[in-house]
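**Student:** What follows is a structure written as structure tokens; I'll ask about it next.
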Amino acid sequence: MEKPIVVGAVIYDPKVTVIWKIIGDFFASKKCPIELVYYSTYELQVEGLAKGHLDVAWNSPLAWIDAQRRLGGKCRAIAMRDTDRDRVSHFVARTKGGPAALEELRGKTVAFGAKDSPQATLIPIEQLRRAGLEAGKHYEVRRFDVKVGLHGDHVGGEKDALACMMRGDAAASVMLDLNWDAWMKDGTINGSEYRVIGSTGRFDHCNFTVREDFAADRQKHFEEALFSMTYSDPAHREMMDLEGLKKWEPGRTHGYELLSAACEHQRYFAGAGAS
Amino acid sequence: MADRAAGFSVRVSGSRDGSATAFVRKHRFVVGSPVTFDEQDPQLSALEYVLGAFGADLVTGLLAAARARHLELDHAEALVRADLDDELAAVGVVGATGSPALARVQVKVYASSGADEAALRELWNQTLERSPLVRTLQPVVRLELVLEMSP
């Protein structure tokens, strides 16, 4: 029997293992068996990858940066969802009486997600820095550290930040574009009362990361199985809906520039910011 | 009646599909995984059997006690809720710090009876005292066992 490819995933709810089991069964059907290892935090998963306990890690963008850091750049992003590409985060404020542009956040309080959330904290703070607004100097940071270690996978931090802004305790809050869309759709946000006053630059989200020494033939086998998933096939659709994608794309790394700069300027891995 | 050996005996046989079949006296039942978080799981988990058995223990215990006292008890139904100390530990998550053990089991037994409430409460207490599962779990799990009565 072929040695399974060991795949790591971070989960915050045991129900997420159900999705991964479906994916595992799919890979088995493609004669590419995978063994799943679950982690409670991305920090532990990246450590598992760095130590060679894993062949492939389903990494958050911050975990990708961390993997590069720990492995001295000796890792590759081999695949990502179509929905991981070209994301933005929005700054949302009250339409009546709220700020109308990022510049108007000067002297105000901005509500962010967890300290390790790329989309709800790190990248938006970098975006404001590029707009000439320094955290703690030109505006006050109100952070919601929900489930730190999950890199913002858990939307609780963004929801708490939104509630903070809605209560009037912050002038704006930050959220991933996909969450803005979902919360407008389900009525969490009333589009006549709140608006987007600015957005971050585009960035990429999760990817499957491998170490540089991952055997080429095993990577090819993994990619062939993964890329054979097609949304038009009803047997694959449920699994792809659960994972929130319509197509698997090859990995790319230029979409992490904004986060990389954020980590550098905020000295994320240098001290207190690291989870 | 044939002599019964002392104690209790159950034979459990595992299958390639990951399930197990328990053979008890002339009966059998199939058990899936130790614990499942999948609503669509076609099989019952070992934990679900335990919780079902726990609720049944209290319901059938109460019904039997009422019958023995010739007290009217039209209906009894248990609602069992339980929490694990750390669900992630139960699925083997690296970094999970807790235990997969049951941390809390709450059972509400709804009894419909025209009998005197005090008499029924006495039966309830007797049921708890005689229950092998209650007496076994009580020292190690937080049990919240409630009898709700309606006429």
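Going by the structure tokens order, chains are called A, B, ..., each with residues numbered from 1, while ligands are numbered from 1 in the order shown.
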Leaving out Asp241 (chain A) and any residue of its chain fewer than 3 positions from it, which residues lie within 12 Å of it when counting only C-alpha atoms, given as a ChimeraX atom specification?
**Tutor:** /A:19,22-23,81,83,229-238,244-247
**Student:** Run DSSP on the backbone and give me the residues of region 89-232 of chain A it puts in alpha helix (DSSP H), as a VMD selection string.
**Tutor:** chain A and resid 123 to 130 156 to 167 177 to 185 216 to 227
**Student:** For chain A against chain B, which residues fall within 9 Å using only C-alpha atoms, given as a PyMOL selection string?
**Tutor:** chain A and resi 10-18+37-41+44-45
**Student:** Please produce a file of the residues just selected, as a PDB file, in the first residue's frame, where the atoms kept are C-alpha atoms.
**Tutor:**
ATOM      1  CA  VAL A  10      -6.151  23.446  12.167  1.00  0.00           C
ATOM      2  CA  ILE A  11      -9.613  22.993  13.610  1.00  0.00           C
ATOM      3  CA  TYR A  12     -11.564  24.867  16.246  1.00  0.00           C
ATOM      4  CA  ASP A  13     -14.656  22.698  16.188  1.00  0.00           C
ATOM      5  CA  PRO A  14     -14.737  18.900  15.899  1.00  0.00           C
ATOM      6  CA  LYS A  15     -17.411  19.262  13.200  1.00  0.00           C
ATOM      7  CA  VAL A  16     -14.674  20.533  10.889  1.00  0.00           C
ATOM      8  CA  THR A  17     -13.183  17.017  10.942  1.00  0.00           C
ATOM      9  CA  VAL A  18     -16.287  15.889   9.045  1.00  0.00           C
ATOM     10  CA  VAL A  37      -3.397  15.338  11.553  1.00  0.00           C
ATOM     11  CA  TYR A  38      -5.363  18.025  13.367  1.00  0.00           C
ATOM     12  CA  TYR A  39      -3.880  20.920  15.322  1.00  0.00           C
ATOM     13  CA  SER A  40      -5.415  23.348  17.771  1.00  0.00           C
ATOM     14  CA  THR A  41      -3.306  26.288  16.563  1.00  0.00           C
ATOM     15  CA  LEU A  44       1.722  24.071  16.385  1.00  0.00           C
ATOM     16  CA  GLN A  45       0.960  23.093  12.808  1.00  0.00           C
TER      17      GLN A  45
END
**Student:** Using the chain letters and numbers from this document, which residues of region 27-93 of chain B does DSSP assign to strand (DSSP E), as a PyMOL selection string?
**Tutor:** chain B and resi 27-31+75-84
**Student:** With C-alpha atoms retained, write the just-selected residues as an mmCIF file, in the first residue's frame.
**Tutor:**
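In the end it all went to again-v4.cif:
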data_model
loop_
_atom_site.group_PDB
_atom_site.id
_atom_site.type_symbol
_atom_site.label_atom_id
_atom_site.label_comp_id
_atom_site.auth_asym_id
_atom_site.auth_seq_id
_atom_site.Cartn_x
_atom_site.Cartn_y
_atom_site.Cartn_z
ATOM 1 C CA HIS B 27 -29.614 -9.638 21.177
ATOM 2 C CA ARG B 28 -27.198 -7.595 19.156
ATOM 3 C CA PHE B 29 -26.592 -3.941 18.306
ATOM 4 C CA VAL B 30 -24.175 -2.103 16.047
ATOM 5 C CA VAL B 31 -21.941 0.716 17.328
ATOM 6 C CA HIS B 75 -45.759 8.541 30.617
ATOM 7 C CA ALA B 76 -42.094 9.186 31.316
ATOM 8 C CA GLU B 77 -39.603 10.704 28.910
ATOM 9 C CA ALA B 78 -35.988 11.686 29.413
ATOM 10 C CA LEU B 79 -34.049 14.448 27.693
ATOM 11 C CA VAL B 80 -30.330 13.827 28.026
ATOM 12 C CA ARG B 81 -27.699 16.463 27.302
ATOM 13 C CA ALA B 82 -23.987 16.034 27.819
ATOM 14 C CA ASP B 83 -20.729 17.892 27.309
ATOM 15 C CA LEU B 84 -17.225 16.575 26.976
#
**Student:** Return the single residue from A:Arg195, A:His151, A:Arg69, A:His221 that is closest to Pro33 (chain A), with distances computed using only C-alpha atoms.
**Tutor:**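 Ranked by minimum distance to Pro33 (chain A), first place goes to A:His221.
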**Student:** Excluding same-chain residues fewer than 3 positions from region 59-68 of chain B, what lies within 12 Å of it counting only C-alpha atoms, as number ranges by chain?
**Tutor:** B: 52-56, 71-80, 107-116, 119-134, 145-147
**Student:** Just C-alpha atoms for this one: save the residues we selected as a PDB file, in the first residue's frame.
**Tutor:**
ATOM      1  CA  GLY B  52     -29.317   6.739  25.581  1.00  0.00           C
ATOM      2  CA  ALA B  53     -28.770   3.971  28.075  1.00  0.00           C
ATOM      3  CA  PHE B  54     -28.445   6.512  30.879  1.00  0.00           C
ATOM      4  CA  GLY B  55     -31.754   8.167  30.029  1.00  0.00           C
ATOM      5  CA  ALA B  56     -33.403   4.774  29.605  1.00  0.00           C
ATOM      6  CA  LEU B  71     -48.827   4.193  41.348  1.00  0.00           C
ATOM      7  CA  GLU B  72     -50.284   5.620  38.188  1.00  0.00           C
ATOM      8  CA  LEU B  73     -47.588   6.864  35.813  1.00  0.00           C
ATOM      9  CA  ASP B  74     -48.926   7.511  32.322  1.00  0.00           C
ATOM     10  CA  HIS B  75     -45.759   8.541  30.617  1.00  0.00           C
ATOM     11  CA  ALA B  76     -42.094   9.186  31.316  1.00  0.00           C
ATOM     12  CA  GLU B  77     -39.603  10.704  28.910  1.00  0.00           C
ATOM     13  CA  ALA B  78     -35.988  11.686  29.413  1.00  0.00           C
ATOM     14  CA  LEU B  79     -34.049  14.448  27.693  1.00  0.00           C
ATOM     15  CA  VAL B  80     -30.330  13.827  28.026  1.00  0.00           C
ATOM     16  CA  VAL B 107     -31.075  14.423  32.423  1.00  0.00           C
ATOM     17  CA  LYS B 108     -34.567  15.830  32.701  1.00  0.00           C
ATOM     18  CA  VAL B 109     -37.222  13.192  33.128  1.00  0.00           C
ATOM     19  CA  TYR B 110     -40.718  14.405  32.329  1.00  0.00           C
ATOM     20  CA  ALA B 111     -43.317  12.276  34.115  1.00  0.00           C
ATOM     21  CA  SER B 112     -47.023  12.509  33.521  1.00  0.00           C
ATOM     22  CA  SER B 113     -48.963  11.189  36.483  1.00  0.00           C
ATOM     23  CA  GLY B 114     -52.070  11.798  38.508  1.00  0.00           C
ATOM     24  CA  ALA B 115     -50.328  10.394  41.561  1.00  0.00           C
ATOM     25  CA  ASP B 116     -49.327  12.394  44.607  1.00  0.00           C
ATOM     26  CA  ALA B 119     -44.966   9.803  46.387  1.00  0.00           C
ATOM     27  CA  LEU B 120     -43.543  10.190  42.903  1.00  0.00           C
ATOM     28  CA  ARG B 121     -40.530  12.133  44.217  1.00  0.00           C
ATOM     29  CA  GLU B 122     -39.852   9.303  46.613  1.00  0.00           C
ATOM     30  CA  LEU B 123     -39.881   6.865  43.708  1.00  0.00           C
ATOM     31  CA  TRP B 124     -37.523   9.144  41.798  1.00  0.00           C
ATOM     32  CA  ASN B 125     -35.045   9.173  44.650  1.00  0.00           C
ATOM     33  CA  GLN B 126     -35.302   5.418  44.901  1.00  0.00           C
ATOM     34  CA  THR B 127     -34.685   5.153  41.154  1.00  0.00           C
ATOM     35  CA  LEU B 128     -31.507   7.222  41.463  1.00  0.00           C
ATOM     36  CA  GLU B 129     -30.286   5.178  44.406  1.00  0.00           C
ATOM     37  CA  ARG B 130     -30.811   1.882  42.607  1.00  0.00           C
ATOM     38  CA  SER B 131     -29.419   2.939  39.248  1.00  0.00           C
ATOM     39  CA  PRO B 132     -26.074   1.272  38.465  1.00  0.00           C
ATOM     40  CA  LEU B 133     -25.256   4.020  35.957  1.00  0.00           C
ATOM     41  CA  VAL B 134     -26.083   6.919  38.281  1.00  0.00           C
ATOM     42  CA  LEU B 145     -30.777  14.859  37.302  1.00  0.00           C
ATOM     43  CA  VAL B 146     -34.175  16.485  37.405  1.00  0.00           C
ATOM     44  CA  LEU B 147     -37.719  15.131  37.595  1.00  0.00           C
TER      45      LEU B 147
END
**Student:** Taking 3 positions as the minimum chain separation for residues in the same chain, which residues sit within 12 Å of His90 (chain A) when counting only C-alpha atoms? Answer as an mmCIF file with C-alpha atoms, in the first residue's frame.
**Tutor:**
data_model
loop_
_atom_site.group_PDB
_atom_site.id
_atom_site.type_symbol
_atom_site.label_atom_id
_atom_site.label_comp_id
_atom_site.auth_asym_id
_atom_site.auth_seq_id
_atom_site.Cartn_x
_atom_site.Cartn_y
_atom_site.Cartn_z
ATOM 1 C CA ARG A 87 -9.332 39.124 -1.053
ATOM 2 C CA ALA A 93 -18.687 52.680 9.549
ATOM 3 C CA ALA A 101 -13.050 57.990 4.502
ATOM 4 C CA LEU A 102 -10.022 56.391 6.150
ATOM 5 C CA ALA A 111 -12.298 47.999 16.188
ATOM 6 C CA PHE A 112 -10.212 45.085 14.942
ATOM 7 C CA GLN A 119 -7.692 40.086 7.524
ATOM 8 C CA ALA A 120 -9.133 41.756 10.597
ATOM 9 C CA THR A 121 -6.040 43.177 12.283
ATOM 10 C CA ILE A 123 -3.335 43.843 7.118
ATOM 11 C CA PRO A 124 -5.829 46.625 7.973
ATOM 12 C CA ILE A 125 -3.320 48.196 10.391
ATOM 13 C CA GLN A 127 -3.197 49.615 5.205
ATOM 14 C CA LEU A 128 -3.813 52.505 7.596
ATOM 15 C CA GLU A 158 -14.706 40.333 13.533
ATOM 16 C CA LEU A 162 -18.659 44.953 14.356
ATOM 17 C CA ALA A 172 -15.181 51.869 12.315
ATOM 18 C CA SER A 173 -14.654 48.132 12.368
ATOM 19 C CA VAL A 174 -12.798 45.815 10.038
ATOM 20 C CA MET A 175 -13.933 42.665 8.278
ATOM 21 C CA LEU A 176 -13.065 40.394 5.379
ATOM 22 C CA ASP A 177 -14.991 41.204 2.198
ATOM 23 C CA LEU A 178 -16.584 37.740 2.256
ATOM 24 C CA ASN A 179 -17.921 38.404 5.750
ATOM 25 C CA TRP A 180 -19.254 41.816 4.711
ATOM 26 C CA ASP A 181 -21.082 40.089 1.841
ATOM 27 C CA TYR A 194 -23.577 51.078 7.463
ATOM 28 C CA ARG A 195 -21.160 51.476 4.588
ATOM 29 C CA VAL A 196 -17.649 50.625 3.495
ATOM 30 C CA ILE A 197 -15.429 53.684 3.902
ATOM 31 C CA GLY A 198 -12.239 52.097 2.613
ATOM 32 C CA SER A 199 -10.627 48.778 1.812
ATOM 33 C CA THR A 200 -7.232 47.196 2.047
ATOM 34 C CA GLY A 201 -5.161 46.252 -0.948
ATOM 35 C CA ARG A 202 -5.666 42.777 -2.355
#
